[in-house]
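Trainee: Supplied in structure tokens, the structure appears directly below.
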Amino acid sequence: MSGIKAKIEEANQKTLDILFKGQPVLVDIRPALDVVPGMTENMVLHSAPPIEWERMCGPHRHGIAGAVVWEGLADTKDDAVTMIERGEIMIEPCHHHDTVGAGAGITSATTPMLVVENKTFGNRAYSCLSEGGGLQLIKWGSYDEKIAENLHWQAKVLRPVLQAAVLSAGGVDIKSIISKAVQMGDECHNRSIAASAIFFREIAPHLLHADANRDTVLSCTESLAVSEHFFLHAIMAAAKAMLDPAKKISYSTVVTAMARNGVEFGIQVGGLDDMWFTAPANDVDGLFFRSEWGPEDAAPDLGDSCITETVGLGGFIQAAAPTVQQYVQGSMQQAIANTNEMREICVGTNQDVQIPAMDFAGAPIGIDIRKVAQTRIAPLIDTAITHKEHGLIGAGQVRAPLECFDKALKAYSSRYAAA
Amino acid sequence: MANIEIKPLPYPTRVINVGLDLFAEAMQEQGIEVAQVSWEPPVKGDPELMAILDDLL
């Protein structure tokens, strides 16, 4: 094996070791201004990769303007847009602040944040609380009085109650919940119902430790009980907390982040620092929730949630979640074939995530840009479909653009092969 | 050059052909059972990427 190939193998094994040793734990629930590195009162974060305001998709523009109004910085969304265009609002990707955001990823100073700590390496990652179910949420770029009211309730009422519960519980082991949930039919991206149920079972007894009256605790309990996908955001933050220590490993060809901003798809690679390699985002193939909606209404692929696929969940383990195939009129056989296909572009197997339908085989983990370029197999992502203006309109699957990986490979070669 | 006698294989032959369809077609015309496997050069023959993969993988 040549010198550089040996260095790559060593770096990728080190990366796998970091991923396997990661211990993401939910440790706190705090306002973004208090905990998110670099957050300011006039900042709004969005799903990556970075993009200028003028090129942003509808869900980002509507969601960011809505957040500016919600934070009290502007009276109307039109005023918010004026402030943004004057440069008075800082707009940056969640990923640049140790944060991940599902959908439009709208995160601002008052947003209540899940605080996840990787106990092995001491780093933290953050994600906003899930707003609950519904097609019109700020995470999908929507903003109105009802959405604002829910955001206020979450920030002022739910956050302190949930914080008290998490502290009383001594933290919540997310890795353990993921392992169990996958064996209960979740792939932990488009389906996180089992994970949310396990979380609720663990946290429910601790909700009573909050310094709040009975009605308040009851309303918070009810909110958590009906939020079927509440835990997705914690899983996302856990994935980022596991991946961030794998960044800046010289010679690593393993992908450390994938994200979509509704215009472009971007990846980051362990051996290439924080550089983004981007290409036009693909359209999501799937099921629309109402007959009046179709592909012409949809925004291209959007959200930081494919951080789950980046650690080998979601589209990488479709075989664990047969119900997800309904979104693409697929089959169990196809789901298994898709999971096997993802193995071909990964460097390792994760025995902490075992797939019952495949005789408890471990999940593929560690996307290798070399293998993607060679096989032309693009990472498969389970994801939502967002309306091109705002709102959730469907769910399905999408492939990452191969161009991102080709660009990354060429940059990698320029840095390392010439050295 | 010595004469080389080409004899048919003494047992039934089934072939897997990877790549060029022409080879599979030629065998089929001779009555040989062929399974054709679709394959093309990696990275669609992009010379730069192929060279990079030769160095790195």
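Each chain of the structure tokens is named A, B, ... in the order shown, its residues numbered from 1; ligands are numbered from 1 in display order.
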For chain B, work out the contacting residues on chain A at 7 Å, counting only C-alpha atoms, and write them as a list of chain:residue names.

Mentor: A:Ile4, A:Lys5, A:Arg370, A:Ala373, A:Gln374, A:Thr375, A:Arg376, A:Ser413

Trainee: Write a file of the selected residues as a short mmCIF file (atom, residue, chain, number, x, y, z; two decimals), in the first residue's frame, keeping C-alpha atoms.

Mentor:
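Saved to out-v3.cif:
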data_model
loop_
_atom_site.label_atom_id
_atom_site.label_comp_id
_atom_site.auth_asym_id
_atom_site.auth_seq_id
_atom_site.Cartn_x
_atom_site.Cartn_y
_atom_site.Cartn_z
CA ILE A 4 -0.74 8.10 1.22
CA LYS A 5 -3.14 5.15 1.11
CA ARG A 370 -13.38 8.10 -2.50
CA ALA A 373 -16.66 8.97 -6.44
CA GLN A 374 -15.61 5.48 -7.51
CA THR A 375 -18.94 3.67 -7.28
CA ARG A 376 -21.14 6.66 -8.27
CA SER A 413 -5.93 15.50 -3.96
#

Trainee: For Arg201 (chain A), work out the shell of residues within 12 Å, counting only C-alpha atoms and skipping chain neighbours fewer than 4 positions away, then give it as a list in words.

Mentor: Ala165, Ala169, Val172, Ile177, Ala194, Ala195, Ser196, Ala197, Pro205, His206, Leu207, Thr221, Leu224 and Ala225 of chain A

Trainee: Please, could you write that set of residues out with N, CA and C atoms as an mmCIF file, in the first residue's frame?

Mentor:
data_model
loop_
_atom_site.group_PDB
_atom_site.id
_atom_site.type_symbol
_atom_site.label_atom_id
_atom_site.label_comp_id
_atom_site.auth_asym_id
_atom_site.auth_seq_id
_atom_site.Cartn_x
_atom_site.Cartn_y
_atom_site.Cartn_z
ATOM 1 N N ALA A 165 -36.584 18.675 34.318
ATOM 2 C CA ALA A 165 -36.699 17.224 34.173
ATOM 3 C C ALA A 165 -35.372 16.604 33.728
ATOM 4 N N ALA A 169 -33.087 14.047 35.870
ATOM 5 C CA ALA A 169 -32.738 12.729 35.349
ATOM 6 C C ALA A 169 -31.230 12.512 35.282
ATOM 7 N N VAL A 172 -29.869 12.553 29.639
ATOM 8 C CA VAL A 172 -30.536 11.485 28.899
ATOM 9 C C VAL A 172 -29.562 10.921 27.867
ATOM 10 N N ILE A 177 -30.930 5.392 23.424
ATOM 11 C CA ILE A 177 -32.279 5.497 22.863
ATOM 12 C C ILE A 177 -32.258 5.164 21.372
ATOM 13 N N ALA A 194 -40.564 5.841 17.834
ATOM 14 C CA ALA A 194 -40.132 4.981 18.940
ATOM 15 C C ALA A 194 -39.143 5.721 19.841
ATOM 16 N N ALA A 195 -38.207 6.438 19.241
ATOM 17 C CA ALA A 195 -37.227 7.198 20.033
ATOM 18 C C ALA A 195 -37.937 8.228 20.902
ATOM 19 N N SER A 196 -38.935 8.907 20.344
ATOM 20 C CA SER A 196 -39.669 9.924 21.106
ATOM 21 C C SER A 196 -40.444 9.277 22.248
ATOM 22 N N ALA A 197 -40.996 8.090 21.995
ATOM 23 C CA ALA A 197 -41.743 7.391 23.037
ATOM 24 C C ALA A 197 -40.820 6.934 24.168
ATOM 25 N N PRO A 205 -41.344 10.801 34.555
ATOM 26 C CA PRO A 205 -41.331 10.868 36.029
ATOM 27 C C PRO A 205 -40.603 12.089 36.564
ATOM 28 N N HIS A 206 -39.703 12.672 35.770
ATOM 29 C CA HIS A 206 -38.892 13.802 36.241
ATOM 30 C C HIS A 206 -39.544 15.151 35.986
ATOM 31 N N LEU A 207 -40.622 15.164 35.205
ATOM 32 C CA LEU A 207 -41.287 16.440 34.918
ATOM 33 C C LEU A 207 -41.847 17.056 36.194
ATOM 34 N N THR A 221 -46.452 18.049 29.798
ATOM 35 C CA THR A 221 -46.495 16.586 29.630
ATOM 36 C C THR A 221 -47.318 16.223 28.410
ATOM 37 N N LEU A 224 -45.437 17.001 25.155
ATOM 38 C CA LEU A 224 -44.405 16.001 24.837
ATOM 39 C C LEU A 224 -45.033 14.683 24.397
ATOM 40 N N ALA A 225 -46.140 14.325 25.025
ATOM 41 C CA ALA A 225 -46.771 13.031 24.731
ATOM 42 C C ALA A 225 -47.280 12.962 23.297
#

Trainee: Can you check which parts of region 64-97 of chain A lie within 10 Å of region 28-39 of chain A? Per residue, the shortest pair of atoms and distance in Å to one decimal, counting only C-alpha atoms, sorted by chain and number, as JSON lines.

Mentor:
{"residue": "A:Met90", "atom": "CA", "partner": "A:Met39", "partner_atom": "CA", "distance": 9.5}
{"residue": "A:Glu92", "atom": "CA", "partner": "A:Met39", "partner_atom": "CA", "distance": 9.8}
{"residue": "A:Cys94", "atom": "CA", "partner": "A:Val36", "partner_atom": "CA", "distance": 9.4}
{"residue": "A:His96", "atom": "CA", "partner": "A:Pro37", "partner_atom": "CA", "distance": 8.9}
{"residue": "A:His97", "atom": "CA", "partner": "A:Pro37", "partner_atom": "CA", "distance": 5.5}

Trainee: Mind dumping the selected residues with C-alpha atoms as an mmCIF file, in the first residue's frame?

Mentor:
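See result.cif below for the written result:
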data_model
loop_
_atom_site.group_PDB
_atom_site.id
_atom_site.type_symbol
_atom_site.label_atom_id
_atom_site.label_comp_id
_atom_site.auth_asym_id
_atom_site.auth_seq_id
_atom_site.Cartn_x
_atom_site.Cartn_y
_atom_site.Cartn_z
ATOM 1 C CA MET A 90 -26.698 38.589 11.103
ATOM 2 C CA GLU A 92 -25.439 32.425 9.410
ATOM 3 C CA CYS A 94 -26.464 26.656 12.246
ATOM 4 C CA HIS A 96 -21.063 27.366 12.041
ATOM 5 C CA HIS A 97 -22.306 27.659 15.618
#

Trainee: Per DSSP on the backbone, what are the strand (DSSP E or B) residues of region 272-406 of chain A, as JSON, numbers by chain?

Mentor: {"A": [277, 278, 279, 280, 285, 286, 287, 288, 298, 302, 303, 346, 347, 348, 349, 350, 351, 352, 353, 354, 355, 361, 362, 363, 364, 365, 366, 367, 368, 380, 381, 382, 383, 384, 385, 386, 387, 392, 393, 394, 395, 396, 397, 398, 399]}

Trainee: Val15 (chain B): which residues within 10 Å, counting only C-alpha atoms, same-chain residues fewer than 6 positions away excluded, as a list in words?

Mentor: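 Here the answer would be Ala24, Met27, Gln28, Ile32, Glu33, Val34, Ala35 and Gln36 of chain B.
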
Trainee: Could you write out that same residue set with C-alpha atoms as an mmCIF file, in the first residue's frame?

Mentor:
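New file part-v2.cif:
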data_model
loop_
_atom_site.group_PDB
_atom_site.id
_atom_site.type_symbol
_atom_site.label_atom_id
_atom_site.label_comp_id
_atom_site.auth_asym_id
_atom_site.auth_seq_id
_atom_site.Cartn_x
_atom_site.Cartn_y
_atom_site.Cartn_z
ATOM 1 C CA ALA B 24 -21.866 -11.295 -24.819
ATOM 2 C CA MET B 27 -21.059 -15.844 -27.411
ATOM 3 C CA GLN B 28 -24.824 -15.889 -27.676
ATOM 4 C CA ILE B 32 -23.372 -20.151 -25.251
ATOM 5 C CA GLU B 33 -25.453 -19.145 -22.223
ATOM 6 C CA VAL B 34 -24.345 -15.669 -21.124
ATOM 7 C CA ALA B 35 -25.305 -13.430 -18.209
ATOM 8 C CA GLN B 36 -24.550 -9.809 -19.061
#

Trainee: Using backbone DSSP assignments, extract all helix (DSSP H, G or I) residues from region 139-232 of chain A; output them as number ranges by chain.

Mentor: A: 139-140, 145-169, 174-182, 193-209, 214-226, 232

Trainee: For region 279-291 of chain A, work out the shell of residues within 8 Å, counting only C-alpha atoms and skipping chain neighbours fewer than 4 positions away, then give it as a ChimeraX atom specification.

Mentor: /A:260-266,298-301,327-328,383-385,393-401,403-404

Trainee: Grab the residues selected above and save them as a short mmCIF file (atom, residue, chain, number, x, y, z; two decimals), in the first residue's frame with C-alpha atoms.

Mentor:
data_model
loop_
_atom_site.label_atom_id
_atom_site.label_comp_id
_atom_site.auth_asym_id
_atom_site.auth_seq_id
_atom_site.Cartn_x
_atom_site.Cartn_y
_atom_site.Cartn_z
CA ARG A 260 -29.08 21.42 2.39
CA ASN A 261 -30.30 25.01 2.22
CA GLY A 262 -33.06 24.56 -0.34
CA VAL A 263 -30.76 25.77 -3.11
CA GLU A 264 -27.50 23.89 -2.60
CA PHE A 265 -26.37 20.66 -0.99
CA GLY A 266 -23.08 20.84 0.92
CA ALA A 298 -41.83 21.86 -3.72
CA ALA A 299 -38.60 23.52 -2.69
CA PRO A 300 -35.43 21.55 -3.44
CA ASP A 301 -33.91 19.47 -0.66
CA TYR A 327 -43.43 7.45 1.13
CA VAL A 328 -41.73 6.18 -2.01
CA THR A 383 -36.36 13.62 4.27
CA ALA A 384 -39.32 15.98 4.25
CA ILE A 385 -40.69 17.92 1.29
CA ILE A 393 -46.14 19.28 2.06
CA GLY A 394 -44.71 15.77 1.94
CA ALA A 395 -41.97 13.27 2.70
CA GLY A 396 -39.73 10.94 0.71
CA GLN A 397 -36.13 10.32 -0.21
CA VAL A 398 -33.38 12.06 -2.15
CA ARG A 399 -29.81 11.43 -3.26
CA ALA A 400 -26.92 13.72 -2.40
CA PRO A 401 -25.42 15.28 -5.57
CA GLU A 403 -20.73 16.70 -7.72
CA CYS A 404 -20.13 17.55 -4.03
#

Trainee: Under the rule that only C-alpha atoms are counted, which of A:Ile355, A:Ile249, A:Leu302, A:Met332 is the nearest residue to Gly101 (chain A)?

Mentor: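 For Gly101 (chain A), the nearest of the candidates is A:Leu302.
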
Trainee: Excluding same-chain residues fewer than 3 positions from Val347 (chain A), what lies within 9 Å of it counting only C-alpha atoms, as a VMD selection string?

Mentor: chain A and resid 12 to 13 16 254 343 to 344 364 to 368 371

Trainee: Hey, which of A:Val353, A:Leu272, A:Cys306, A:Leu137 ends up closest to Gly185 (chain A)? Count only C-alpha atoms.

Mentor: A:Val353

Trainee: Check the smallest atom-to-atom distance from each of A:Val372, A:Ile147, A:Val161, A:Val217 to Phe405 (chain A) using only C-alpha atoms, then report the winner.

Mentor: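 Of A:Val372, A:Ile147, A:Val161, A:Val217, the one nearest Phe405 (chain A) is A:Val372, counting only C-alpha atoms.
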
Trainee: Excluding Asn350 (chain A) and residues on its chain fewer than 2 positions from it, collect all residues at most 6 Å away from it, counting only C-alpha atoms, and give them as an mmCIF file with N, CA and C atoms, in the first residue's frame.

Mentor:
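That gives us part.cif:
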data_model
loop_
_atom_site.group_PDB
_atom_site.id
_atom_site.type_symbol
_atom_site.label_atom_id
_atom_site.label_comp_id
_atom_site.auth_asym_id
_atom_site.auth_seq_id
_atom_site.Cartn_x
_atom_site.Cartn_y
_atom_site.Cartn_z
ATOM 1 N N ASP A 352 -23.515 -0.584 17.370
ATOM 2 C CA ASP A 352 -24.453 0.016 18.330
ATOM 3 C C ASP A 352 -25.822 0.245 17.681
ATOM 4 N N VAL A 353 -25.887 0.113 16.358
ATOM 5 C CA VAL A 353 -27.148 0.276 15.630
ATOM 6 C C VAL A 353 -27.347 -0.995 14.805
ATOM 7 N N GLY A 362 -25.004 -4.761 11.787
ATOM 8 C CA GLY A 362 -24.720 -3.377 12.158
ATOM 9 C C GLY A 362 -24.938 -2.440 10.982
ATOM 10 N N ALA A 363 -25.181 -1.175 11.296
ATOM 11 C CA ALA A 363 -25.465 -0.180 10.262
ATOM 12 C C ALA A 363 -24.184 0.301 9.595
#

Trainee: Looking at A:Arg214, A:Arg191, A:Lys146, A:Lys240, which one is nearest to Glu228 (chain A), with distances taken over only C-alpha atoms?

Mentor: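 Going through A:Arg214, A:Arg191, A:Lys146, A:Lys240 one by one, the smallest distance to Glu228 (chain A) is for A:Arg191.
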
Trainee: So, with only C-alpha atoms as the atoms that count, which of A:Ser176, A:Leu19, A:Trp70, A:Val27 lies closest to Glu41 (chain A)?

Mentor: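 The closest residue to Glu41 (chain A) is A:Trp70.
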
Trainee: Can you measure CA of Leu151 (chain A) to CA of Thr76 (chain A) for me? One decimal in Å is fine.

Mentor: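 If I compute the distance from CA of Leu151 (chain A) to CA of Thr76 (chain A), I get 16.7 Å.
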